[in-house]
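Dumped data33.cif below, it's mmCIF, C-alpha atoms:
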data_target
#
loop_
_atom_site.label_atom_id
_atom_site.label_comp_id
_atom_site.auth_asym_id
_atom_site.auth_seq_id
_atom_site.Cartn_x
_atom_site.Cartn_y
_atom_site.Cartn_z
CA MET A 18 11.62 13.02 18.81
CA LYS A 19 11.65 9.24 18.88
CA GLU A 20 15.43 9.13 18.48
CA LYS A 21 15.96 11.48 21.43
CA GLY A 22 13.18 9.94 23.52
CA LEU A 23 11.19 13.18 23.56
CA SER A 24 7.49 13.47 24.34
CA LEU A 25 5.04 16.33 23.99
CA GLY A 26 5.23 18.45 27.13
CA ASP A 27 8.83 17.60 28.01
CA ARG A 28 10.95 20.52 29.18
CA VAL A 29 14.15 20.46 27.15
CA SER A 30 17.35 22.34 26.52
CA VAL A 31 18.28 22.43 22.82
CA VAL A 32 21.61 23.64 21.43
CA LYS A 33 21.58 24.70 17.79
CA ARG A 34 24.67 25.38 15.74
CA GLU A 35 24.57 28.39 13.43
CA GLY A 36 27.92 28.78 11.68
CA ASP A 37 30.52 29.24 14.42
CA ARG A 38 27.88 30.11 17.00
CA ARG A 39 25.95 27.90 19.38
CA ILE A 40 22.43 29.02 20.37
CA ARG A 41 20.61 27.47 23.34
CA TYR A 42 16.84 27.31 23.73
CA GLU A 43 14.92 26.05 26.75
CA GLY A 44 11.23 25.35 26.76
CA ILE A 45 8.38 22.88 26.34
CA VAL A 46 8.15 20.49 23.38
CA MET A 47 5.10 21.43 21.31
CA PRO A 48 3.16 19.64 18.57
CA PRO A 49 4.24 20.54 15.03
CA TYR A 50 2.21 23.17 13.18
CA GLU A 51 -0.56 22.03 10.88
CA LEU A 52 1.51 22.74 7.77
CA SER A 53 4.89 21.79 9.20
CA PRO A 54 6.72 19.24 7.03
CA GLY A 55 7.98 17.55 10.22
CA GLU A 56 11.60 18.72 9.84
CA THR A 57 11.56 21.07 12.83
CA LEU A 58 11.34 20.70 16.58
CA THR A 59 8.87 23.21 17.99
CA ILE A 60 9.55 24.58 21.47
CA LYS A 61 7.52 27.00 23.57
CA LEU A 62 9.85 29.45 25.28
CA ASP A 63 9.18 30.89 28.74
CA ASN A 64 8.29 34.28 27.20
CA GLY A 65 5.30 32.70 25.43
CA TYR A 66 6.78 32.63 21.92
CA ASN A 67 7.30 29.44 19.95
CA VAL A 68 10.52 28.70 18.10
CA GLY A 69 11.07 26.08 15.43
CA VAL A 70 14.55 24.53 15.30
CA ARG A 71 15.54 22.71 12.15
CA ILE A 72 16.46 19.12 12.97
CA GLU A 73 19.72 19.12 11.01
CA LEU A 74 20.98 22.12 13.00
CA ILE A 75 20.42 20.57 16.42
CA GLU A 76 23.70 19.72 18.12
CA SER A 77 22.35 18.41 21.41
CA VAL A 78 19.09 17.91 23.29
CA GLU A 79 18.85 17.54 27.06
CA VAL A 80 15.60 16.59 28.78
CA ILE A 81 15.30 18.77 31.88
CA GLU A 82 11.92 17.51 33.03
CA LYS A 83 9.75 14.79 31.57
CA ALA A 84 6.03 15.27 31.12
CA ARG A 85 4.16 13.20 33.69
CA PRO A 86 2.86 9.92 32.23
CA GLY A 87 -0.86 10.01 31.55
CA GLU A 88 -1.11 13.73 32.29
CA GLU A 89 -2.90 15.73 29.63
CA VAL A 90 -0.58 18.46 28.42
CA ALA A 91 -2.29 21.82 27.84
CA PHE A 92 -0.89 23.84 24.95
CA LYS A 93 -3.05 26.93 25.32
CA GLU A 94 -1.16 29.91 23.97
CA VAL A 95 0.46 32.20 26.51
CA LEU A 96 0.81 35.39 24.54
CA PRO A 97 3.08 38.16 25.83
CA ARG A 98 1.33 40.95 27.72
CA LYS A 99 2.68 44.23 29.05
CA GLU A 100 1.16 46.39 31.72
CA GLY A 101 -0.07 49.73 30.44
CA LEU A 102 -0.65 48.73 26.83
CA PRO A 103 -4.14 49.00 25.32
CA GLY A 104 -6.09 45.82 24.68
CA VAL A 105 -6.97 44.67 21.15
CA THR A 106 -8.91 41.55 20.19
CA ILE A 107 -8.08 39.97 16.83
CA LEU A 108 -10.97 38.01 15.36
CA GLY A 109 -9.83 35.54 12.73
CA THR A 110 -12.14 34.61 9.85
CA GLY A 111 -9.61 33.18 7.36
CA GLY A 112 -8.67 34.62 3.99
CA THR A 113 -5.26 35.20 2.46
CA ILE A 114 -3.97 37.01 5.56
CA ALA A 115 -4.39 33.71 7.36
CA SER A 116 -3.18 31.47 4.54
CA LYS A 117 -0.17 29.55 3.40
CA ILE A 118 0.89 28.11 0.08
CA ASP A 119 0.70 24.37 -0.34
CA TYR A 120 3.97 23.96 -2.18
CA LYS A 121 2.95 20.56 -3.54
CA THR A 122 0.07 22.05 -5.52
CA GLY A 123 0.82 25.79 -5.52
CA ALA A 124 -2.64 26.50 -4.08
CA VAL A 125 -3.28 28.99 -1.31
CA HIS A 126 -5.60 27.85 1.46
CA ALA A 127 -6.67 29.02 4.90
CA ALA A 128 -4.46 27.45 7.55
CA PHE A 129 -3.63 29.84 10.40
CA THR A 130 -5.53 30.21 13.61
CA ALA A 131 -5.86 33.67 15.10
CA GLU A 132 -3.10 32.73 17.58
CA GLU A 133 -0.73 31.71 14.80
CA LEU A 134 -1.49 34.92 12.94
CA ALA A 135 -0.69 36.95 16.06
CA ARG A 136 2.52 35.01 16.71
CA ALA A 137 3.65 35.46 13.10
CA VAL A 138 3.85 39.24 13.59
CA PRO A 139 5.51 39.75 17.00
CA GLU A 140 5.67 43.53 16.49
CA ILE A 141 1.98 43.84 17.40
CA PHE A 142 2.73 42.79 21.00
CA GLU A 143 4.72 46.00 21.43
CA ILE A 144 1.62 47.99 20.41
CA ALA A 145 -1.13 46.28 22.39
CA ASN A 146 -2.01 43.32 24.54
CA ILE A 147 -3.46 40.96 21.96
CA THR A 148 -6.38 38.59 22.54
CA PRO A 149 -6.84 36.38 19.47
CA LYS A 150 -9.99 34.43 18.72
CA LEU A 151 -10.75 32.27 15.70
CA LEU A 152 -14.37 32.68 14.58
CA MET A 153 -14.12 30.73 11.32
CA ASN A 154 -11.47 29.67 8.86
CA ILE A 155 -12.89 30.33 5.41
CA MET A 156 -11.89 32.07 2.22
CA SER A 157 -13.84 35.27 1.65
CA GLU A 158 -15.87 33.89 -1.25
CA ASP A 159 -17.59 31.68 1.35
CA MET A 160 -18.66 34.63 3.54
CA LYS A 161 -22.39 34.81 4.37
CA PRO A 162 -24.71 37.36 6.00
CA ASP A 163 -25.08 35.12 9.06
CA TYR A 164 -21.30 35.40 9.54
CA TRP A 165 -21.59 39.21 9.49
CA LYS A 166 -23.90 38.91 12.49
CA ARG A 167 -21.46 36.64 14.28
CA MET A 168 -18.61 39.08 13.70
CA ALA A 169 -20.73 42.00 14.90
CA HIS A 170 -21.69 40.27 18.14
CA GLU A 171 -18.14 39.14 18.87
CA ALA A 172 -16.78 42.64 18.21
CA ALA A 173 -19.39 44.23 20.47
CA LYS A 174 -18.74 41.65 23.17
CA ALA A 175 -15.01 42.40 23.17
CA LEU A 176 -15.48 46.19 23.20
CA ASN A 177 -18.09 46.12 25.96
CA ALA A 178 -15.78 43.90 28.01
CA GLY A 179 -13.19 46.68 28.02
CA GLU A 180 -11.07 46.12 24.93
CA ASP A 181 -9.79 49.29 23.30
CA GLY A 182 -10.28 48.05 19.77
CA VAL A 183 -11.05 45.06 17.56
CA VAL A 184 -9.23 43.88 14.45
CA ILE A 185 -11.02 41.47 12.10
CA ALA A 186 -8.75 39.48 9.77
CA HIS A 187 -10.74 38.80 6.61
CA GLY A 188 -10.30 37.73 3.00
CA THR A 189 -10.08 40.71 0.66
CA ASP A 190 -12.56 39.67 -2.05
CA THR A 191 -15.70 40.26 0.06
CA LEU A 192 -14.12 42.37 2.79
CA ALA A 193 -15.98 45.53 1.71
CA TYR A 194 -19.35 43.79 2.12
CA SER A 195 -18.52 42.72 5.68
CA ALA A 196 -17.14 46.14 6.62
CA ALA A 197 -20.32 47.79 5.33
CA ALA A 198 -22.51 45.30 7.18
CA LEU A 199 -20.82 45.95 10.54
CA SER A 200 -20.93 49.70 9.87
CA PHE A 201 -24.73 49.47 9.94
CA MET A 202 -25.06 46.76 12.62
CA LEU A 203 -22.81 48.26 15.31
CA ARG A 204 -24.86 51.05 16.83
CA ASP A 205 -23.44 53.68 19.22
CA LEU A 206 -19.97 52.47 18.21
CA GLU A 207 -17.26 54.69 19.71
CA LYS A 208 -14.23 52.41 19.46
CA PRO A 209 -12.31 51.18 16.40
CA VAL A 210 -13.38 48.04 14.56
CA ILE A 211 -10.72 47.51 11.91
CA PHE A 212 -10.96 45.08 9.01
CA VAL A 213 -7.65 43.91 7.60
CA GLY A 214 -6.67 41.53 4.83
CA SER A 215 -3.77 40.55 2.66
CA GLN A 216 -3.29 40.28 -1.08
CA ARG A 217 -0.48 37.76 -0.75
CA SER A 218 -0.16 34.88 1.69
CA SER A 219 1.99 35.42 4.75
CA ASP A 220 4.75 32.98 3.77
CA ARG A 221 5.54 34.79 0.50
CA PRO A 222 8.45 37.28 0.50
CA SER A 223 6.19 39.92 -1.08
CA SER A 224 3.41 39.41 1.46
CA ASP A 225 1.62 42.50 2.71
CA SER A 226 0.05 40.70 5.67
CA ALA A 227 2.56 41.70 8.37
CA MET A 228 2.50 45.45 7.67
CA ASN A 229 -1.26 45.47 7.20
CA LEU A 230 -1.72 43.74 10.56
CA ILE A 231 0.70 46.08 12.33
CA CYS A 232 -1.04 49.15 10.91
CA SER A 233 -4.48 47.77 11.73
CA VAL A 234 -3.51 47.22 15.38
CA ARG A 235 -2.16 50.77 15.51
CA MET A 236 -5.46 52.09 14.10
CA ALA A 237 -7.34 49.95 16.64
CA THR A 238 -5.62 51.86 19.45
CA ALA A 239 -6.11 55.33 17.91
CA ASP A 240 -8.53 58.10 18.89
CA PHE A 241 -11.11 56.79 16.46
CA GLY A 242 -14.52 55.19 16.81
CA GLU A 243 -15.76 53.72 13.52
CA VAL A 244 -15.54 50.67 11.28
CA ALA A 245 -12.62 50.97 8.87
CA ILE A 246 -10.57 48.94 6.41
CA VAL A 247 -6.77 49.16 6.76
CA MET A 248 -4.67 48.00 3.81
CA HIS A 249 -1.51 49.01 1.93
CA GLY A 250 -1.62 52.60 0.67
CA GLU A 251 0.91 52.02 -2.12
CA THR A 252 2.79 49.10 -3.62
CA SER A 253 5.88 49.56 -1.41
CA ASP A 254 5.93 49.03 2.35
CA THR A 255 5.59 52.70 3.23
CA TYR A 256 2.18 53.23 4.84
CA CYS A 257 -1.35 51.88 4.99
CA LEU A 258 -4.58 53.73 4.38
CA ALA A 259 -7.61 53.56 6.65
CA HIS A 260 -10.80 53.62 4.57
CA ARG A 261 -14.31 54.16 5.92
CA GLY A 262 -16.12 50.83 6.05
CA THR A 263 -18.95 51.94 3.75
CA LYS A 264 -16.83 53.75 1.13
CA ALA A 265 -14.09 51.33 0.06
CA ARG A 266 -13.71 48.82 -2.72
CA LYS A 267 -11.08 46.35 -3.86
CA MET A 268 -10.01 47.85 -7.20
CA HIS A 269 -7.29 45.43 -8.32
CA THR A 270 -7.07 41.65 -8.28
CA SER A 271 -3.50 41.37 -7.00
CA ARG A 272 -1.81 44.71 -6.23
CA ARG A 273 -0.97 45.28 -2.59
CA ASP A 274 -2.62 48.73 -2.72
CA ALA A 275 -5.82 47.30 -4.18
CA PHE A 276 -8.26 49.09 -1.86
CA ARG A 277 -9.44 52.61 -2.62
CA SER A 278 -11.91 54.99 -1.03
CA ILE A 279 -14.59 55.68 -3.66
CA ASN A 280 -16.19 59.14 -3.86
CA ASP A 281 -14.46 59.92 -0.59
CA VAL A 282 -11.12 60.64 1.04
CA PRO A 283 -9.44 57.97 3.20
CA ILE A 284 -9.70 58.58 6.92
CA ALA A 285 -5.99 58.33 7.65
CA ARG A 286 -2.51 57.28 6.65
CA VAL A 287 -1.07 54.78 9.09
CA TRP A 288 2.67 54.18 9.28
CA PRO A 289 3.87 50.88 10.76
CA LYS A 290 6.25 52.73 13.11
CA GLY A 291 3.32 54.42 14.79
CA GLU A 292 2.41 57.75 13.18
CA ILE A 293 -1.23 58.22 12.17
CA GLU A 294 -2.04 61.16 9.90
CA PHE A 295 -5.76 61.83 9.80
CA LEU A 296 -6.72 63.11 6.35
CA ARG A 297 -10.16 64.41 7.27
CA LYS A 298 -11.93 65.92 10.26
CA ASP A 299 -15.39 64.37 10.01
CA TYR A 300 -14.64 61.06 11.68
CA ARG A 301 -16.01 59.82 14.99
CA LYS A 302 -13.53 59.95 17.84
CA ARG A 303 -13.18 57.45 20.64
CA GLY A 304 -15.85 57.44 23.35
CA GLU A 305 -17.14 55.26 26.16
CA ARG A 306 -20.69 54.40 25.12
CA GLU A 307 -21.64 50.74 25.09
CA VAL A 308 -22.04 49.44 21.57
CA TRP A 309 -25.06 47.34 20.70
CA VAL A 310 -25.80 45.14 17.71
CA ASP A 311 -28.75 45.77 15.41
CA ASP A 312 -28.53 42.70 13.19
CA ARG A 313 -32.01 42.61 11.68
CA MET A 314 -31.23 41.73 8.07
CA GLU A 315 -33.53 40.70 5.21
CA PRO A 316 -31.70 38.06 3.14
CA ARG A 317 -34.08 38.21 0.15
CA VAL A 318 -32.30 41.08 -1.59
CA GLY A 319 -30.72 40.90 -5.06
CA LEU A 320 -27.98 42.80 -6.88
CA LEU A 321 -28.33 43.11 -10.66
CA LYS A 322 -25.98 44.68 -13.19
CA VAL A 323 -27.46 46.34 -16.29
CA VAL A 324 -25.94 45.16 -19.57
CA PRO A 325 -26.94 45.80 -23.19
CA GLY A 326 -29.81 43.49 -24.07
CA ILE A 327 -30.76 42.74 -20.45
CA SER A 328 -34.10 40.99 -20.27
CA SER A 329 -37.05 42.06 -18.14
CA GLU A 330 -37.33 38.37 -17.22
CA LEU A 331 -34.52 38.92 -14.75
CA ILE A 332 -36.60 41.51 -12.89
CA ASP A 333 -39.60 39.15 -13.03
CA PHE A 334 -37.45 36.37 -11.59
CA PHE A 335 -36.73 38.34 -8.42
CA VAL A 336 -40.38 39.33 -8.06
CA ASP A 337 -41.71 35.81 -8.63
CA ARG A 338 -39.21 34.32 -6.18
CA GLY A 339 -40.43 36.58 -3.39
CA TYR A 340 -37.43 38.88 -3.15
CA ARG A 341 -38.18 41.97 -1.10
CA GLY A 342 -35.45 44.20 -2.47
CA LEU A 343 -33.31 44.71 -5.54
CA VAL A 344 -30.28 46.93 -6.07
CA ILE A 345 -29.59 47.75 -9.71
CA GLU A 346 -26.14 48.74 -10.99
CA GLY A 347 -27.36 51.05 -13.70
CA THR A 348 -25.39 52.68 -16.48
CA GLY A 349 -24.08 56.22 -16.17
CA LEU A 350 -26.26 58.38 -13.94
CA GLY A 351 -28.35 55.34 -13.05
CA HIS A 352 -30.19 54.12 -16.13
CA THR A 353 -31.71 50.92 -17.48
CA PRO A 354 -33.02 50.15 -20.95
CA ASN A 355 -36.50 51.60 -21.36
CA ASP A 356 -37.99 48.23 -22.25
CA ILE A 357 -37.40 46.78 -18.76
CA ILE A 358 -38.95 49.73 -16.91
CA PRO A 359 -42.46 48.16 -16.99
CA ALA A 360 -41.04 45.12 -15.15
CA ILE A 361 -39.44 47.45 -12.58
CA GLU A 362 -42.77 49.24 -12.16
CA ARG A 363 -44.49 45.90 -11.58
CA ALA A 364 -41.86 45.05 -8.96
CA THR A 365 -42.44 48.22 -6.96
CA GLU A 366 -46.21 47.87 -7.25
CA GLU A 367 -45.91 44.41 -5.70
CA GLY A 368 -43.99 45.81 -2.76
CA MET A 369 -40.38 45.29 -3.80
CA ALA A 370 -37.90 48.05 -2.94
CA VAL A 371 -35.84 48.82 -6.05
CA CYS A 372 -32.72 50.94 -5.56
CA MET A 373 -30.48 52.45 -8.22
CA THR A 374 -26.68 52.73 -8.10
CA SER A 375 -24.16 53.30 -10.88
CA GLN A 376 -21.70 50.81 -12.27
CA CYS A 377 -19.43 53.78 -12.96
CA LEU A 378 -18.69 53.74 -9.19
CA TYR A 379 -17.37 57.31 -9.20
CA GLY A 380 -19.88 60.16 -9.20
CA ARG A 381 -23.48 59.91 -8.09
CA VAL A 382 -26.85 58.77 -9.36
CA ASN A 383 -29.09 61.48 -10.81
CA LEU A 384 -32.40 60.34 -12.27
CA ASN A 385 -33.59 63.85 -13.10
CA VAL A 386 -31.30 64.56 -16.06
CA TYR A 387 -32.64 62.26 -18.79
CA SER A 388 -36.13 61.06 -19.60
CA THR A 389 -35.16 57.46 -18.79
CA GLY A 390 -34.22 58.49 -15.28
CA ARG A 391 -37.47 60.35 -14.81
CA ARG A 392 -39.38 57.25 -15.95
CA LEU A 393 -37.48 55.20 -13.34
CA LEU A 394 -38.37 57.71 -10.64
CA LYS A 395 -42.01 57.51 -11.67
CA ALA A 396 -41.74 53.70 -11.47
CA GLY A 397 -40.77 54.03 -7.82
CA VAL A 398 -36.99 53.52 -8.03
CA ILE A 399 -34.93 54.90 -5.12
CA PRO A 400 -31.78 56.74 -6.31
CA CYS A 401 -28.89 55.86 -3.98
CA GLU A 402 -26.81 59.02 -4.30
CA ASP A 403 -23.08 58.04 -4.42
CA MET A 404 -23.34 54.72 -2.58
CA LEU A 405 -21.29 51.83 -3.87
CA PRO A 406 -23.47 49.00 -5.21
CA GLU A 407 -22.25 46.57 -2.55
CA THR A 408 -22.85 49.10 0.21
CA ALA A 409 -26.38 49.80 -1.10
CA TYR A 410 -26.98 46.04 -1.27
CA VAL A 411 -25.97 45.51 2.37
CA LYS A 412 -27.82 48.63 3.51
CA LEU A 413 -31.04 47.55 1.78
CA MET A 414 -30.83 44.19 3.56
CA TRP A 415 -30.49 46.06 6.86
CA VAL A 416 -33.26 48.57 6.08
CA LEU A 417 -35.71 45.85 5.02
CA GLY A 418 -34.93 44.08 8.28
CA HIS A 419 -36.59 47.04 9.99
CA THR A 420 -39.57 48.04 7.84
CA ASP A 421 -41.90 47.00 5.02
CA ASP A 422 -43.32 50.45 4.49
CA PRO A 423 -42.18 51.85 1.08
CA LYS A 424 -42.04 55.41 2.39
CA GLU A 425 -39.91 54.39 5.38
CA VAL A 426 -37.65 52.27 3.16
CA ARG A 427 -37.01 55.25 0.87
CA GLU A 428 -36.38 57.54 3.84
CA MET A 429 -33.95 55.12 5.48
CA MET A 430 -32.08 54.39 2.24
CA LEU A 431 -31.51 58.12 1.78
CA THR A 432 -30.44 58.67 5.41
CA ASN A 433 -26.71 58.73 6.03
CA TYR A 434 -26.11 56.27 8.89
CA ALA A 435 -22.44 55.35 8.58
CA GLY A 436 -20.83 57.74 6.11
CA GLU A 437 -22.19 55.80 3.13
CA ILE A 438 -23.54 58.97 1.49
CA THR A 439 -21.40 62.04 0.91
CA PRO A 440 -23.31 65.34 0.68
CA TYR A 441 -21.68 66.39 -2.57
CA THR A 442 -19.32 64.94 -5.17
CA ARG A 443 -15.74 65.97 -4.53
CA PHE A 444 -13.52 66.65 -7.52
CA ASP A 445 -10.41 65.30 -5.80
CA THR A 446 -11.70 61.80 -5.01
CA TYR A 447 -11.63 60.41 -8.56
CA LEU A 448 -9.02 57.65 -9.01
CA ARG A 449 -6.54 58.56 -11.75
#

Please express what this file holds, its structure, as structure tokens.
Amino acid sequence: MKEKGLSLGDRVSVVKREGDRRIRYEGIVMPPYELSPGETLTIKLDNGYNVGVRIELIESVEVIEKARPGEEVAFKEVLPRKEGLPGVTILGTGGTIASKIDYKTGAVHAAFTAEELARAVPEIFEIANITPKLLMNIMSEDMKPDYWKRMAHEAAKALNAGEDGVVIAHGTDTLAYSAAALSFMLRDLEKPVIFVGSQRSSDRPSSDSAMNLICSVRMATADFGEVAIVMHGETSDTYCLAHRGTKARKMHTSRRDAFRSINDVPIARVWPKGEIEFLRKDYRKRGEREVWVDDRMEPRVGLLKVVPGISSELIDFFVDRGYRGLVIEGTGLGHTPNDIIPAIERATEEGMAVCMTSQCLYGRVNLNVYSTGRRLLKAGVIPCEDMLPETAYVKLMWVLGHTDDPKEVREMMLTNYAGEITPYTRFDTYLR
């Protein structure tokens, strides 16, 4: 830029050589991207897209109009919009879908804004008019309950302002927690709120981020009105699956088809070209009610996994620290060692809500089969049917945000609010 006398905001004509061809670009000189190594000239074209031209390929640069001296140049994104397309807001929170590799260290870190994420996948502008907004730029291990509330309010705000759907770009490791939280918080929801992530950063050849984002935008414009997770349905780039927000879990550390519906059937197959095949009939369709946010959450809730030799001191710890709820990942049908049941009984007597799930994941809790289960029932434990442990954990936080009464807590935990409980165990939902 110094050699050619260019300044940010100049309107320029750039000719690039590409083999025997000459390609001309005209637009405004932009600042380099955050991760740009400085070897490209970035130009904003009149259609709103940015193009990066490698310096060594530039044959000529002509300044058409200089930026006025002292004038502040605004670089607010002008994203392409088409009349008649539905409107979709993309809320960026970070995660691998909004990450790049630092090739000096090999580490992956959050780097994209929501605008950059939208620009990186231009196909979505043929599906909807996109409004991107960056809420936070964190990896999913840094997600917190307060951020769930922020996402819920921003999603509701966008939908009530007339948007047809919302897509939330999120890291995959804790995505299921956030999807479950918004499933309970967004009341009277009748438009799609779609969580999407990526197993591999967007600048890797094997990245799944582009197809996941395309499919999520398609689902956000569908005749559908729930919270869902949209991710690769198989390892190849064939289709994505839409999973109910309270019934999905990340089941593999690195595969592109890591997410599975547990004890349930996915809502739909979503092809990037546009076809959506609904796999079930009991989903909420699109409506016009105004969504509202019920974000009363009790943070003092624990999640504890039963292991051989587990000490009752762990139960005592939660009681003594003033925790109001505890979700236990029990063995099998929902069991704990008999020698910690007195500590559980003490917890419930002191007002703590203790809920039982199974670390088996598939199947459902049944505390009536064995004597241990019946002792747990007598101790006041609430069996959580076929809820995933993380879903039960989030739900208990939400329930305890509404009531202290043990009877009401039990009743609410066993009420199906967002598809978190299936009425019976289906044979065909077991992952093989």

Spatial neighbours of Thr238 in chain A, 10 Å, all atoms listed in the file, chain gap at least 6 places, as a list of chain:residue names: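 Counting only the stated atoms, we get A:Leu102, A:Pro103, A:Gly104, A:Val105, A:Ile144, A:Ala145, A:Glu180, A:Asp181, A:Gly182, A:Val183, A:Lys208, A:Pro209, A:Val210, A:Arg303.
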
Can you tell me which residues surround Glu35 in chain A at a distance of at most 8 Å, considering only C-alpha atoms, apart from same-chain residues fewer than 4 positions away, and format the answer as an MDAnalysis selection string? chainID A and resid 39:40 74

Only C-alpha atoms, please: the residues just picked out, written as a PDB file, in the frame of the given file.
ATOM      1  CA  ARG A  39      25.950  27.900  19.380  1.00  0.00           C
ATOM      2  CA  ILE A  40      22.430  29.020  20.370  1.00  0.00           C
ATOM      3  CA  LEU A  74      20.980  22.120  13.000  1.00  0.00           C
TER       4      LEU A  74
END

Between CA of Thr420 in chain A and CA of Lys166 in chain A, what is the spacing in Å? 18.7 Å

Which residues are close to Leu62 in chain A, i.e. within 9 Å by only C-alpha atoms, leaving aside same-chain residues fewer than 2 positions away? Reply as a list of chain:residue names. A:Tyr42, A:Glu43, A:Gly44, A:Ile45, A:Ile60, A:Asn64, A:Gly65, A:Tyr66, A:Asn67, A:Val68

Please expand the PyMOL selection byres ((chain A and resi 313) around 10) into the concrete residues it hits in this file, giving the result as an MDAnalysis selection string. chainID A and resid 166 202 310:312 314:316 414:419

List the residues selected by the PyMOL selection byres ((chain A and resi 221-236) around 7) in the file shown, writing them as a PDB file with C-alpha atoms, in the coordinates of the input.
ATOM      1  CA  ILE A 114      -3.970  37.010   5.560  1.00  0.00           C
ATOM      2  CA  VAL A 138       3.850  39.240  13.590  1.00  0.00           C
ATOM      3  CA  GLU A 140       5.670  43.530  16.490  1.00  0.00           C
ATOM      4  CA  ILE A 141       1.980  43.840  17.400  1.00  0.00           C
ATOM      5  CA  ILE A 144       1.620  47.990  20.410  1.00  0.00           C
ATOM      6  CA  VAL A 184      -9.230  43.880  14.450  1.00  0.00           C
ATOM      7  CA  ILE A 211     -10.720  47.510  11.910  1.00  0.00           C
ATOM      8  CA  VAL A 213      -7.650  43.910   7.600  1.00  0.00           C
ATOM      9  CA  GLY A 214      -6.670  41.530   4.830  1.00  0.00           C
ATOM     10  CA  SER A 215      -3.770  40.550   2.660  1.00  0.00           C
ATOM     11  CA  GLN A 216      -3.290  40.280  -1.080  1.00  0.00           C
ATOM     12  CA  ARG A 217      -0.480  37.760  -0.750  1.00  0.00           C
ATOM     13  CA  SER A 218      -0.160  34.880   1.690  1.00  0.00           C
ATOM     14  CA  SER A 219       1.990  35.420   4.750  1.00  0.00           C
ATOM     15  CA  ASP A 220       4.750  32.980   3.770  1.00  0.00           C
ATOM     16  CA  ALA A 237      -7.340  49.950  16.640  1.00  0.00           C
ATOM     17  CA  THR A 238      -5.620  51.860  19.450  1.00  0.00           C
ATOM     18  CA  ALA A 239      -6.110  55.330  17.910  1.00  0.00           C
ATOM     19  CA  VAL A 247      -6.770  49.160   6.760  1.00  0.00           C
ATOM     20  CA  MET A 248      -4.670  48.000   3.810  1.00  0.00           C
ATOM     21  CA  HIS A 249      -1.510  49.010   1.930  1.00  0.00           C
ATOM     22  CA  CYS A 257      -1.350  51.880   4.990  1.00  0.00           C
ATOM     23  CA  ARG A 273      -0.970  45.280  -2.590  1.00  0.00           C
ATOM     24  CA  VAL A 287      -1.070  54.780   9.090  1.00  0.00           C
ATOM     25  CA  TRP A 288       2.670  54.180   9.280  1.00  0.00           C
ATOM     26  CA  PRO A 289       3.870  50.880  10.760  1.00  0.00           C
ATOM     27  CA  GLY A 291       3.320  54.420  14.790  1.00  0.00           C
TER      28      GLY A 291
END

Interatomic distance (Å, one decimal) between CA of Asn355 in chain A and CA of Met404 in chain A: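 Between these atoms lies a distance of 23.1 Å.
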
Chain and number of each residue from the PyMOL selection byres ((chain A and resi 280) around 10), as a ChimeraX atom specification: /A:264-265,277-279,281-283,378-381,403-405,437-439,441-448

Might you pull out every residue within 9 Å of Ile357 in chain A, with only C-alpha atoms counted and same-chain residues fewer than 6 positions away left off, and present them as a CSV table (one decimal) with C-alpha atoms, in the coordinates of the input?
chain,number,residue,atom,x,y,z
A,327,ILE,CA,-30.8,42.7,-20.4
A,328,SER,CA,-34.1,41.0,-20.3
A,329,SER,CA,-37.0,42.1,-18.1
A,330,GLU,CA,-37.3,38.4,-17.2
A,332,ILE,CA,-36.6,41.5,-12.9

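Taking CA of Thr374 in chain A and CA of Ser388 in chain A as endpoints, the distance between them is 17.1 Å.
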
Which residue out of A:Val78, A:Val426, A:Ile107, A:Ile155 has the minimum interatomic distance to Gly342 in chain A when all atoms listed in the file are used?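 Closest to Gly342 in chain A of all the choices is A:Val426.
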
Give me, as JSON, numbers by chain, all polymer residues having an atom no more than 9 Å from Ala370 in chain A, counting only C-alpha atoms and skipping those fewer than 4 positions away in the same chain. {"A": [341, 342, 343, 344, 364, 365, 397, 398, 399, 413, 417, 421, 423, 426, 427]}

Output for the residues just chosen: C-alpha atoms as a short mmCIF file (atom, residue, chain, number, x, y, z; two decimals), in the frame of the given file:
data_model
loop_
_atom_site.label_atom_id
_atom_site.label_comp_id
_atom_site.auth_asym_id
_atom_site.auth_seq_id
_atom_site.Cartn_x
_atom_site.Cartn_y
_atom_site.Cartn_z
CA ARG A 341 -38.18 41.97 -1.10
CA GLY A 342 -35.45 44.20 -2.47
CA LEU A 343 -33.31 44.71 -5.54
CA VAL A 344 -30.28 46.93 -6.07
CA ALA A 364 -41.86 45.05 -8.96
CA THR A 365 -42.44 48.22 -6.96
CA GLY A 397 -40.77 54.03 -7.82
CA VAL A 398 -36.99 53.52 -8.03
CA ILE A 399 -34.93 54.90 -5.12
CA LEU A 413 -31.04 47.55 1.78
CA LEU A 417 -35.71 45.85 5.02
CA ASP A 421 -41.90 47.00 5.02
CA PRO A 423 -42.18 51.85 1.08
CA VAL A 426 -37.65 52.27 3.16
CA ARG A 427 -37.01 55.25 0.87
#

Would you be able to write out as a list in words which residues have an atom within 9 Å of (-20.5, 49.7, 12.5) in the file's coordinates, counting all atoms listed in the file?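 Selection result: Ala169, Ala196, Ala197, Ala198, Leu199, Ser200, Phe201, Met202, Leu203, Arg204, Asp205, Leu206, Val210, Glu243, Val244, Ala245, Gly262, Val310 and Ala435 of chain A.
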
Of the candidates A:Glu143, A:Glu346, A:Glu305, A:Asp163, which shows the shortest atom-to-atom distance to Lys290 in chain A, using all atoms listed in the file?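 Closest to Lys290 in chain A, using all atoms listed in the file: A:Glu143.
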
Restricting to all atoms listed in the file, whichever of A:Lys302, A:Arg261, A:Arg272, A:Arg286 is closest to Phe241 in chain A is A:Lys302
